[in-house]
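Below is my_file35.txt, holding compact mmCIF, C-alpha atoms.
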```txt
# COMPACT_ATOMS: atom_id res chain seq x y z
CA MET A 1 86.59 106.31 114.76
CA VAL A 2 84.76 109.55 113.98
CA PRO A 3 81.02 108.68 114.10
CA TYR A 4 80.48 110.03 110.59
CA PHE A 5 82.22 106.95 109.17
CA ARG A 6 80.34 103.71 109.75
CA ILE A 7 82.90 100.91 110.03
CA ASP A 8 82.03 97.44 111.38
CA GLU A 9 83.64 96.88 114.80
CA ARG A 10 85.01 93.54 113.58
CA LEU A 11 86.66 95.32 110.66
CA LEU A 12 88.21 97.84 113.05
CA ALA A 13 89.64 94.97 115.06
CA LEU A 14 91.06 93.50 111.85
CA SER A 15 92.50 96.93 111.05
CA ASP A 16 94.36 96.99 114.36
CA GLN A 17 95.75 93.55 113.60
CA ALA A 18 96.85 94.65 110.09
CA GLU A 19 98.53 97.74 111.50
CA ARG A 20 100.49 95.67 114.00
CA GLN A 21 101.56 93.36 111.18
CA ALA A 22 102.79 96.37 109.20
CA GLN A 23 104.95 97.94 111.92
CA GLY A 24 108.21 96.39 110.74
CA ALA A 25 107.67 97.66 107.21
CA PHE A 26 106.63 101.08 108.55
CA GLY A 27 109.97 101.42 110.34
CA GLN A 28 111.88 100.73 107.13
CA ILE A 29 109.71 103.19 105.20
CA GLU A 30 110.27 105.92 107.77
CA ASP A 31 114.03 105.39 107.56
CA ILE A 32 113.87 105.94 103.79
CA GLN A 33 111.53 108.92 104.27
CA ARG A 34 113.99 110.54 106.65
CA TYR A 35 116.98 110.01 104.35
CA ASN A 36 115.20 111.21 101.22
CA GLN A 37 113.79 114.28 102.99
CA GLN A 38 117.31 115.20 104.06
CA LYS A 39 118.46 114.62 100.49
CA MET A 40 115.75 116.94 99.19
CA LEU A 41 116.65 119.69 101.66
CA ALA A 42 120.27 119.33 100.60
CA ALA A 43 119.16 119.73 96.96
CA PHE A 44 117.34 122.97 97.79
CA ASN A 45 120.37 124.26 99.66
CA ARG A 46 122.84 123.31 96.93
CA ALA A 47 120.69 124.96 94.27
CA GLY A 48 120.38 128.14 96.36
CA VAL A 49 116.59 128.34 96.18
CA SER A 50 115.40 131.87 96.93
CA GLU A 51 112.11 133.74 97.12
CA ARG A 52 112.81 135.22 93.69
CA HIS A 53 112.76 131.72 92.20
CA LEU A 54 109.16 131.14 93.28
CA GLY A 55 107.63 133.66 90.87
CA GLY A 56 106.68 133.07 87.27
CA SER A 57 107.25 134.34 83.77
CA THR A 58 105.15 134.88 80.64
CA GLY A 59 105.67 134.84 76.91
CA TYR A 60 108.90 133.18 75.89
CA GLY A 61 110.06 132.88 79.47
CA TYR A 62 113.57 134.08 78.69
CA GLY A 63 115.82 134.16 81.73
CA ASP A 64 113.32 132.58 84.13
CA PRO A 65 115.60 131.86 87.12
CA GLY A 66 113.05 129.70 88.94
CA ARG A 67 112.69 127.33 85.99
CA ASP A 68 116.44 126.79 85.80
CA VAL A 69 116.92 126.36 89.56
CA LEU A 70 114.02 123.89 89.75
CA ASP A 71 115.86 121.78 87.19
CA GLN A 72 118.92 121.85 89.46
CA VAL A 73 116.89 120.81 92.52
CA TYR A 74 115.53 117.77 90.72
CA ALA A 75 118.94 116.86 89.31
CA TYR A 76 120.50 116.97 92.79
CA ALA A 77 117.61 115.10 94.45
CA LEU A 78 117.57 112.35 91.81
CA GLY A 79 121.35 112.03 91.63
CA ALA A 80 121.46 113.08 87.96
CA GLU A 81 123.76 115.33 85.95
CA ASP A 82 120.82 117.38 84.72
CA ALA A 83 117.02 117.52 84.72
CA LEU A 84 114.23 119.05 82.68
CA VAL A 85 111.17 119.82 84.86
CA ARG A 86 108.19 121.49 83.21
CA TRP A 87 104.56 122.07 84.06
CA ASN A 88 103.63 121.66 80.37
CA PHE A 89 104.39 117.96 80.30
CA VAL A 90 100.73 116.96 80.30
CA SER A 91 101.18 113.42 81.65
CA GLY A 92 103.74 110.76 82.37
CA THR A 93 103.11 109.26 78.93
CA HIS A 94 103.75 112.64 77.29
CA THR A 95 106.98 112.99 79.24
CA LEU A 96 108.15 109.53 78.18
CA ALA A 97 107.15 110.24 74.58
CA VAL A 98 109.17 113.47 74.52
CA ALA A 99 112.20 111.52 75.77
CA LEU A 100 111.75 108.69 73.27
CA PHE A 101 111.29 111.00 70.28
CA GLY A 102 114.08 113.25 71.53
CA LEU A 103 116.62 110.46 71.78
CA LEU A 104 115.74 108.09 68.92
CA ARG A 105 116.02 108.67 65.17
CA PRO A 106 114.62 106.94 62.07
CA GLY A 107 116.39 103.63 61.62
CA ASP A 108 117.09 103.20 65.35
CA THR A 109 115.81 100.19 67.28
CA MET A 110 114.78 100.19 70.92
CA LEU A 111 114.61 97.03 72.99
CA CYS A 112 112.27 96.86 75.97
CA ILE A 113 113.69 94.24 78.37
CA THR A 114 110.78 94.26 80.85
CA GLY A 115 108.06 92.78 78.67
CA THR A 116 105.14 94.66 77.17
CA PRO A 117 105.11 98.26 78.39
CA TYR A 118 102.21 100.12 79.99
CA ASP A 119 99.00 100.52 77.95
CA THR A 120 99.31 104.20 77.05
CA ILE A 121 102.93 103.94 75.87
CA GLN A 122 101.97 101.15 73.45
CA GLY A 123 100.27 103.70 71.20
CA VAL A 124 103.33 105.94 71.30
CA ILE A 125 105.52 103.06 70.13
CA GLY A 126 102.97 101.76 67.61
CA LEU A 127 102.65 98.17 68.78
CA PRO A 128 100.47 95.89 66.58
CA GLY A 129 96.87 97.00 66.90
CA ARG A 130 97.98 100.24 68.55
CA GLU A 131 99.52 102.07 65.57
CA GLU A 132 98.34 105.55 66.52
CA PRO A 133 98.92 108.44 64.08
CA GLY A 134 102.37 109.93 64.65
CA CYS A 135 103.69 106.91 66.55
CA MET A 136 107.36 105.94 66.52
CA LYS A 137 106.69 103.18 64.01
CA GLU A 138 105.53 105.79 61.47
CA TYR A 139 108.89 107.54 61.88
CA GLY A 140 110.84 104.38 61.13
CA ILE A 141 111.87 103.71 64.73
CA ALA A 142 111.77 99.97 65.34
CA TYR A 143 110.69 98.27 68.55
CA GLU A 144 111.53 94.86 69.99
CA GLN A 145 110.98 93.38 73.41
CA LEU A 146 112.36 90.70 75.67
CA ASP A 147 109.70 89.08 77.79
CA LEU A 148 110.07 88.52 81.50
CA LEU A 149 110.41 85.06 83.01
CA PRO A 150 107.16 83.24 83.89
CA ASP A 151 107.36 84.48 87.50
CA GLY A 152 107.66 88.09 86.30
CA SER A 153 111.35 88.47 87.14
CA PRO A 154 113.93 89.88 84.70
CA ASP A 155 115.41 87.44 82.20
CA TYR A 156 119.07 88.27 82.81
CA ALA A 157 120.29 85.31 80.76
CA GLY A 158 118.03 86.40 77.91
CA MET A 159 119.51 89.90 78.12
CA GLU A 160 123.03 88.49 77.87
CA GLY A 161 122.08 86.64 74.71
CA ARG A 162 119.85 89.27 73.10
CA ILE A 163 121.36 92.71 73.67
CA SER A 164 123.82 93.81 70.99
CA PRO A 165 125.20 97.08 69.54
CA ARG A 166 122.36 97.19 67.00
CA TYR A 167 120.07 98.51 69.75
CA LYS A 168 120.23 102.25 70.23
CA MET A 169 118.14 102.15 73.41
CA VAL A 170 117.45 99.58 76.10
CA TYR A 171 114.16 100.49 77.79
CA ILE A 172 113.07 99.47 81.30
CA GLN A 173 109.67 99.97 82.91
CA ARG A 174 110.19 100.08 86.67
CA SER A 175 106.57 99.75 87.75
CA ARG A 176 104.20 96.90 87.00
CA GLY A 177 101.53 98.78 85.03
CA TYR A 178 98.30 96.78 84.73
CA SER A 179 100.07 93.49 85.34
CA LEU A 180 100.75 91.28 88.33
CA ARG A 181 104.50 91.07 87.84
CA PRO A 182 106.67 92.63 90.55
CA SER A 183 108.02 96.14 90.20
CA PHE A 184 111.80 96.37 89.86
CA SER A 185 114.14 97.69 92.50
CA VAL A 186 116.96 100.08 91.72
CA GLU A 187 119.39 97.23 92.35
CA GLU A 188 117.64 95.07 89.73
CA ILE A 189 117.58 97.97 87.28
CA GLY A 190 121.30 98.46 87.93
CA ARG A 191 121.99 94.85 87.00
CA MET A 192 119.97 95.27 83.78
CA ALA A 193 121.88 98.45 82.94
CA GLU A 194 125.20 96.73 83.59
CA ILE A 195 124.36 93.94 81.14
CA ALA A 196 123.13 96.46 78.56
CA LYS A 197 126.31 98.52 78.72
CA LYS A 198 128.49 95.41 78.54
CA LYS A 199 126.70 94.01 75.49
CA ALA A 200 126.02 97.36 73.77
CA PRO A 201 128.46 99.97 75.13
CA GLY A 202 126.97 102.78 73.04
CA CYS A 203 123.33 102.21 73.92
CA MET A 204 121.17 104.47 76.04
CA VAL A 205 119.46 102.90 79.04
CA MET A 206 116.13 104.61 79.66
CA VAL A 207 113.89 103.95 82.67
CA ASP A 208 110.20 104.74 82.99
CA ASN A 209 110.49 105.73 86.65
CA CYS A 210 106.80 106.44 87.25
CA TYR A 211 105.59 105.50 90.77
CA GLY A 212 109.12 104.68 91.91
CA GLU A 213 110.61 108.03 92.91
CA PHE A 214 111.75 108.28 96.55
CA VAL A 215 110.65 104.72 97.35
CA GLU A 216 114.32 103.81 97.80
CA LYS A 217 117.31 105.87 98.89
CA ILE A 218 118.76 106.04 95.38
CA GLU A 219 117.30 106.38 91.89
CA PRO A 220 118.19 104.37 88.76
CA VAL A 221 120.70 106.94 87.45
CA ALA A 222 122.93 106.01 90.41
CA LEU A 223 123.35 102.49 89.03
CA GLY A 224 123.77 103.00 85.32
CA ALA A 225 120.55 104.36 83.82
CA ASP A 226 121.26 107.17 81.36
CA ILE A 227 117.83 108.79 81.46
CA ILE A 228 114.75 108.51 83.70
CA ALA A 229 111.36 110.15 83.37
CA GLY A 230 108.14 110.47 85.31
CA SER A 231 105.04 112.50 86.14
CA LEU A 232 104.74 115.28 88.73
CA ILE A 233 101.22 114.20 89.68
CA LYS A 234 102.75 111.00 90.96
CA ASN A 235 105.50 110.73 93.60
CA PRO A 236 107.82 113.65 92.74
CA GLY A 237 105.11 116.34 92.81
CA GLY A 238 104.28 115.64 96.45
CA GLY A 239 100.54 116.11 95.91
CA VAL A 240 101.10 119.85 95.38
CA ALA A 241 102.22 120.06 91.74
CA PRO A 242 99.05 120.54 89.66
CA THR A 243 100.55 119.01 86.51
CA GLY A 244 103.90 118.40 84.85
CA GLY A 245 106.70 115.91 84.42
CA TYR A 246 110.46 115.54 84.60
CA ILE A 247 113.29 113.99 82.60
CA ALA A 248 116.65 113.51 84.34
CA GLY A 249 119.98 111.90 83.61
CA ARG A 250 122.97 112.56 81.36
CA ARG A 251 123.29 116.23 80.46
CA ASP A 252 123.64 115.68 76.71
CA LEU A 253 120.56 113.47 76.60
CA VAL A 254 118.45 115.85 78.68
CA GLU A 255 119.40 118.60 76.20
CA LEU A 256 118.15 116.47 73.28
CA CYS A 257 114.87 115.97 75.10
CA ALA A 258 114.58 119.74 75.64
CA TYR A 259 114.97 120.25 71.88
CA ARG A 260 112.07 117.89 71.32
CA LEU A 261 109.88 119.59 73.94
CA THR A 262 110.36 123.05 72.41
CA THR A 263 112.45 123.46 69.25
CA PRO A 264 115.95 122.55 68.05
CA GLY A 265 118.25 125.40 68.95
CA THR A 266 116.10 126.90 71.71
CA GLY A 267 115.53 123.86 73.91
CA ARG A 268 115.31 124.70 77.61
CA GLU A 269 116.04 128.40 77.10
CA ILE A 270 112.39 129.16 76.42
CA GLY A 271 109.13 128.22 78.10
CA CYS A 272 107.30 130.47 80.53
CA THR A 273 106.25 129.16 83.92
CA LEU A 274 103.02 131.18 84.35
CA GLY A 275 103.26 131.30 88.13
CA HIS A 276 103.62 127.54 88.66
CA ASN A 277 107.11 127.67 90.15
CA ARG A 278 105.98 127.98 93.76
CA GLU A 279 103.75 124.88 93.49
CA LEU A 280 106.45 122.85 91.78
CA PHE A 281 109.11 123.77 94.34
CA LEU A 282 106.75 123.10 97.25
CA GLY A 283 105.65 119.79 95.75
CA ALA A 284 109.25 118.67 95.30
CA PHE A 285 110.02 119.54 98.91
CA HIS A 286 107.08 117.47 100.19
CA ALA A 287 107.65 114.57 97.78
CA PRO A 288 109.88 112.28 99.90
CA HIS A 289 107.52 112.42 102.89
CA VAL A 290 104.38 112.00 100.80
CA ALA A 291 105.86 109.03 98.92
CA GLY A 292 106.49 107.41 102.30
CA GLU A 293 102.91 108.03 103.41
CA ALA A 294 101.67 106.39 100.20
CA LEU A 295 103.91 103.41 100.90
CA LYS A 296 102.50 103.05 104.42
CA THR A 297 98.98 103.12 102.98
CA ALA A 298 99.95 100.40 100.50
CA VAL A 299 101.44 98.18 103.21
CA PHE A 300 98.33 98.58 105.37
CA ALA A 301 96.07 97.76 102.41
CA SER A 302 98.10 94.64 101.71
CA ALA A 303 97.83 93.48 105.32
CA LEU A 304 94.11 94.27 105.59
CA PHE A 305 92.93 92.66 102.36
CA SER A 306 95.17 89.63 102.67
CA SER A 307 93.56 89.03 106.07
CA LEU A 308 90.18 89.24 104.32
CA GLY A 309 91.31 86.41 102.03
CA PHE A 310 92.19 88.31 98.85
CA PRO A 311 95.45 87.70 96.96
CA VAL A 312 97.70 90.76 97.18
CA THR A 313 100.97 91.82 95.60
CA PRO A 314 103.27 92.88 97.12
CA THR A 315 102.57 91.05 100.39
CA PRO A 316 102.71 93.17 103.56
CA LEU A 317 106.38 92.62 104.42
CA GLU A 318 107.71 92.20 100.89
CA PRO A 319 110.30 94.77 99.70
CA ARG A 320 108.76 97.51 97.54
CA ALA A 321 110.07 99.30 94.48
CA ASP A 322 107.05 101.56 93.88
CA ILE A 323 103.92 102.81 95.64
CA ILE A 324 101.45 100.48 93.89
CA GLN A 325 99.46 97.85 95.74
CA VAL A 326 97.47 95.26 93.82
CA VAL A 327 94.45 93.51 95.32
CA GLU A 328 92.97 90.70 93.23
CA LEU A 329 89.23 90.96 93.75
CA GLY A 330 88.04 88.18 91.44
CA SER A 331 84.92 89.73 89.91
CA PRO A 332 83.79 92.98 88.26
CA GLN A 333 81.28 93.46 91.08
CA ALA A 334 83.97 93.26 93.76
CA LEU A 335 86.24 95.62 91.81
CA ALA A 336 83.41 98.14 91.51
CA ALA A 337 82.59 97.89 95.23
CA PHE A 338 86.25 98.39 96.17
CA CYS A 339 86.42 101.52 94.01
CA ARG A 340 83.15 102.86 95.44
CA GLY A 341 84.61 102.57 98.94
CA VAL A 342 87.85 104.29 97.99
CA GLN A 343 85.84 107.12 96.42
CA LYS A 344 83.91 107.55 99.68
CA GLY A 345 87.24 108.12 101.41
CA ALA A 346 88.19 110.97 99.08
CA PRO A 347 88.27 114.62 100.17
CA VAL A 348 86.89 115.70 96.77
CA ASP A 349 83.86 114.16 95.01
CA SER A 350 83.29 111.59 97.77
CA PHE A 351 79.61 111.42 96.73
CA VAL A 352 80.44 110.23 93.20
CA THR A 353 79.86 106.58 92.22
CA PRO A 354 82.67 105.26 89.98
CA GLU A 355 81.49 103.48 86.84
CA PRO A 356 83.47 101.58 84.19
CA SER A 357 84.06 103.54 81.00
CA PRO A 358 86.36 103.67 77.97
CA MET A 359 89.54 105.69 78.51
CA PRO A 360 91.93 107.09 75.88
CA GLY A 361 95.01 104.89 75.52
CA TYR A 362 93.45 101.75 77.05
CA ASP A 363 92.07 98.71 75.20
CA SER A 364 89.31 97.88 77.70
CA GLN A 365 86.94 99.72 79.99
CA VAL A 366 88.53 101.06 83.16
CA ILE A 367 86.94 101.83 86.52
CA MET A 368 88.66 104.46 88.62
CA ALA A 369 88.21 105.92 92.07
CA ALA A 370 90.06 109.21 92.28
CA GLY A 371 88.55 111.98 94.36
CA ALA A 372 91.59 114.21 94.24
CA PHE A 373 92.54 117.87 94.55
CA THR A 374 94.41 117.40 91.25
CA LEU A 375 92.45 115.57 88.56
CA GLY A 376 94.01 112.17 87.89
CA SER A 377 96.68 112.54 90.57
CA SER A 378 98.12 109.14 91.42
CA ILE A 379 99.94 110.27 94.55
CA GLU A 380 96.58 111.08 96.12
CA LEU A 381 94.64 108.00 97.18
CA SER A 382 93.22 106.33 94.09
CA ALA A 383 92.34 102.90 92.79
CA ASP A 384 91.65 101.74 89.29
CA GLY A 385 91.62 98.66 87.13
CA PRO A 386 90.57 97.42 83.71
CA LEU A 387 87.38 95.39 83.47
CA ARG A 388 89.16 92.15 82.62
CA PRO A 389 90.38 89.16 84.65
CA PRO A 390 91.68 88.93 87.34
CA TYR A 391 89.55 92.01 88.15
CA ALA A 392 92.29 93.49 90.29
CA ALA A 393 92.46 96.95 91.81
CA TRP A 394 95.72 98.81 91.37
CA MET A 395 95.74 101.08 94.40
CA GLN A 396 98.23 103.88 94.90
CA GLY A 397 98.76 107.10 96.78
CA GLY A 398 97.66 108.63 100.03
CA LEU A 399 98.83 112.14 100.91
CA ASN A 400 98.92 111.09 104.53
CA TYR A 401 98.72 107.63 106.01
CA HIS A 402 95.74 108.18 108.29
CA SER A 403 93.40 109.27 105.50
CA GLY A 404 94.78 106.52 103.26
CA GLN A 405 94.12 103.95 105.98
CA LEU A 406 90.52 105.16 106.29
CA GLY A 407 90.06 104.93 102.52
CA MET A 408 91.08 101.28 102.64
CA LEU A 409 88.68 100.60 105.51
CA LEU A 410 85.84 102.19 103.56
CA ALA A 411 86.72 100.03 100.54
CA ALA A 412 86.53 96.92 102.71
CA GLN A 413 83.27 98.09 104.33
CA GLU A 414 81.68 98.68 100.92
CA MET A 415 82.57 95.12 99.90
CA LEU A 416 81.17 93.75 103.17
CA ASP A 417 77.92 95.66 102.66
CA ALA A 418 77.62 94.24 99.15
CA GLY A 419 78.20 90.70 100.37
CA LEU A 420 81.44 90.49 98.40
CA ALA A 421 83.73 90.00 101.42
CA SER A 422 83.25 88.36 104.76
CA LEU A 423 84.75 88.56 108.24
```

This entry written out as structure tokens:
Amino acid sequence: MVPYFRIDERLLALSDQAERQAQGAFGQIEDIQRYNQQKMLAAFNRAGVSERHLGGSTGYGYGDPGRDVLDQVYAYALGAEDALVRWNFVSGTHTLAVALFGLLRPGDTMLCITGTPYDTIQGVIGLPGREEPGCMKEYGIAYEQLDLLPDGSPDYAGMEGRISPRYKMVYIQRSRGYSLRPSFSVEEIGRMAEIAKKKAPGCMVMVDNCYGEFVEKIEPVALGADIIAGSLIKNPGGGVAPTGGYIAGRRDLVELCAYRLTTPGTGREIGCTLGHNRELFLGAFHAPHVAGEALKTAVFASALFSSLGFPVTPTPLEPRADIIQVVELGSPQALAAFCRGVQKGAPVDSFVTPEPSPMPGYDSQVIMAAGAFTLGSSIELSADGPLRPPYAAWMQGGLNYHSGQLGMLLAAQEMLDAGLASL
């Protein structure tokens, strides 16, 4: 250990033990990394990426070849007919909102079959108590949901009995959000999509794919999803993309989303790239490897903190469908100490002390450790959680495993120093 970082020798011994425990999972992750990196290179080759595509455009962006070829790269890499990849999607929630408003019309009803969706999307939908101005509810788009089973697994029998042709969209959230339920594998999403298409042949199956890209060898569109969407400052941006999002899936549906992003009639034909193409291409190329490094960090964190006596989900050797690792810390003090340690392991703003504060789109104070090159990037090592029971940290990211591992050790050391963990 570099002398600059003060880590208890007993904790280092525990780290070695956790790393040995994780080796089986690491091998599986590296197999997926290898396959997905090959898949990404094939996407670049198929799309014919050239130096001329790495430049930018201004104004209306007419005829920007890089913008159009980047869409092709993402479509090939995600196994979709088409994709819409833009730097001016300001967040994952914005990207999902563009897709929802692009695909649904007044009088339509969407059914979420994975329980209550993530906090920030609740305001987009207009759930009770979250009826934000301009939400879908104001436009006459109805929302219903099917809850998960008590253990957090999909209610397949409930889907069989509930889904009918009156639903225009069946919506699936792949990742857990601020909940302790498991994230859903592509295979599970495929089973949900199969039921949806059987019970409502004309419905659209949409998947919030945030945090799940390149965690498995295939994406949800391979098993029946019509449209998927996510953020470029999570997995698919590879830690290089400075902002942006993507929508991918059926060509006709992607086109409708493009009309919502810009204007009906112009769609994807306009929108300058302002010199961002190079970053977005480079980020896409790095994405499969970086997603794997984040997964390794998550597995190590699970092994380390479970050995310290904290409940974790997923467990170290449990199959994973996204990059998120949850550590239940049990108290606001322990959550704050964990986040302070993660912040100390950041390359940017390591001297900052995270404090709970209100955040737009959330119904409680949130504490967040995120010393990142890109503000708010979730593929860089970060940890956050709402100040409410069970006072869990939702940890994600790690551009490379070795720095991610150190961040987790610093989180544990901070808790030891505060008397909130013991060896």

Counting only C-alpha atoms, note down every residue that has an atom within 8 Å of the point (109.4, 94.3, 80.2) (file coordinates), as a PyMOL selection string. chain A and resi 112-117+145-148+154+172-173

Quick one: everything within 10 Å of Ile121 (chain A), counting only C-alpha atoms, minus sequence neighbours fewer than 2 positions away in the same chain. Send it as a ChimeraX atom specification. /A:92-94,96-97,116-119,123-127,130,135,361-362

My list of candidates is A:Gly177, A:Pro386, A:Pro236, A:Gly265. Which is closest to Asn36 (chain A) when distances are computed with only C-alpha atoms? A:Pro236

So which one's closest to Gly283 (chain A), A:Leu12, A:Met136, A:Val254, A:Met40? Using all atoms listed in the file, please. A:Met40

Measuring between all atoms listed in the file, which one of A:Glu414, A:Asp322, A:Glu293, A:Glu213 shows the shortest distance to Tyr401 (chain A)? A:Glu293

Please define a box with edges along x, y and z of the file around all atoms of region 109-117 of chain A given in the file, extend it by 8 Å on each side, and return its centre and edge lengths in Å to one decimal, as JSON.
```
{"center_x": 110.5, "center_y": 96.5, "center_z": 74.1, "size_x": 26.7, "size_y": 23.4, "size_z": 29.6}
```

Please, can region 376-391 of chain A be completed to N, CA and C atoms and returned as a PDB file, keeping the file's coordinate frame?
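This is the output file out05.pdb:
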```pdb
ATOM      1  N   GLY A 376      93.171 113.254  88.371  1.00  0.00           N
ATOM      2  CA  GLY A 376      94.010 112.170  87.890  1.00  0.00           C
ATOM      3  C   GLY A 376      95.277 111.939  88.694  1.00  0.00           C
ATOM      4  N   SER A 377      95.455 112.674  89.778  1.00  0.00           N
ATOM      5  CA  SER A 377      96.680 112.540  90.570  1.00  0.00           C
ATOM      6  C   SER A 377      96.786 111.153  91.167  1.00  0.00           C
ATOM      7  N   SER A 378      97.920 110.492  90.916  1.00  0.00           N
ATOM      8  CA  SER A 378      98.120 109.140  91.420  1.00  0.00           C
ATOM      9  C   SER A 378      98.883 109.096  92.734  1.00  0.00           C
ATOM     10  N   ILE A 379      99.317 110.244  93.232  1.00  0.00           N
ATOM     11  CA  ILE A 379      99.940 110.270  94.550  1.00  0.00           C
ATOM     12  C   ILE A 379      98.883 110.531  95.620  1.00  0.00           C
ATOM     13  N   GLU A 380      97.731 111.031  95.216  1.00  0.00           N
ATOM     14  CA  GLU A 380      96.580 111.080  96.120  1.00  0.00           C
ATOM     15  C   GLU A 380      95.912 109.709  96.059  1.00  0.00           C
ATOM     16  N   LEU A 381      95.203 109.339  97.114  1.00  0.00           N
ATOM     17  CA  LEU A 381      94.640 108.000  97.180  1.00  0.00           C
ATOM     18  C   LEU A 381      93.720 107.743  95.985  1.00  0.00           C
ATOM     19  N   SER A 382      94.031 106.691  95.250  1.00  0.00           N
ATOM     20  CA  SER A 382      93.220 106.330  94.090  1.00  0.00           C
ATOM     21  C   SER A 382      93.299 104.826  93.890  1.00  0.00           C
ATOM     22  N   ALA A 383      92.350 104.317  93.141  1.00  0.00           N
ATOM     23  CA  ALA A 383      92.340 102.900  92.790  1.00  0.00           C
ATOM     24  C   ALA A 383      91.676 102.761  91.437  1.00  0.00           C
ATOM     25  N   ASP A 384      92.223 101.922  90.614  1.00  0.00           N
ATOM     26  CA  ASP A 384      91.650 101.740  89.290  1.00  0.00           C
ATOM     27  C   ASP A 384      92.013 100.356  88.780  1.00  0.00           C
ATOM     28  N   GLY A 385      91.339  99.941  87.741  1.00  0.00           N
ATOM     29  CA  GLY A 385      91.620  98.660  87.130  1.00  0.00           C
ATOM     30  C   GLY A 385      90.793  98.457  85.895  1.00  0.00           C
ATOM     31  N   PRO A 386      91.334  97.730  84.919  1.00  0.00           N
ATOM     32  CA  PRO A 386      90.570  97.420  83.710  1.00  0.00           C
ATOM     33  C   PRO A 386      89.544  96.325  83.997  1.00  0.00           C
ATOM     34  N   LEU A 387      88.447  96.382  83.297  1.00  0.00           N
ATOM     35  CA  LEU A 387      87.380  95.390  83.470  1.00  0.00           C
ATOM     36  C   LEU A 387      87.744  94.132  82.676  1.00  0.00           C
ATOM     37  N   ARG A 388      88.727  93.414  83.205  1.00  0.00           N
ATOM     38  CA  ARG A 388      89.160  92.150  82.620  1.00  0.00           C
ATOM     39  C   ARG A 388      89.785  91.321  83.738  1.00  0.00           C
ATOM     40  N   PRO A 389      89.766  89.988  83.607  1.00  0.00           N
ATOM     41  CA  PRO A 389      90.380  89.160  84.650  1.00  0.00           C
ATOM     42  C   PRO A 389      91.817  89.580  84.903  1.00  0.00           C
ATOM     43  N   PRO A 390      92.307  89.528  86.146  1.00  0.00           N
ATOM     44  CA  PRO A 390      91.680  88.930  87.340  1.00  0.00           C
ATOM     45  C   PRO A 390      90.830  89.932  88.131  1.00  0.00           C
ATOM     46  N   TYR A 391      90.371  90.997  87.488  1.00  0.00           N
ATOM     47  CA  TYR A 391      89.550  92.010  88.150  1.00  0.00           C
ATOM     48  C   TYR A 391      90.252  92.502  89.418  1.00  0.00           C
TER      49      TYR A 391
END
```
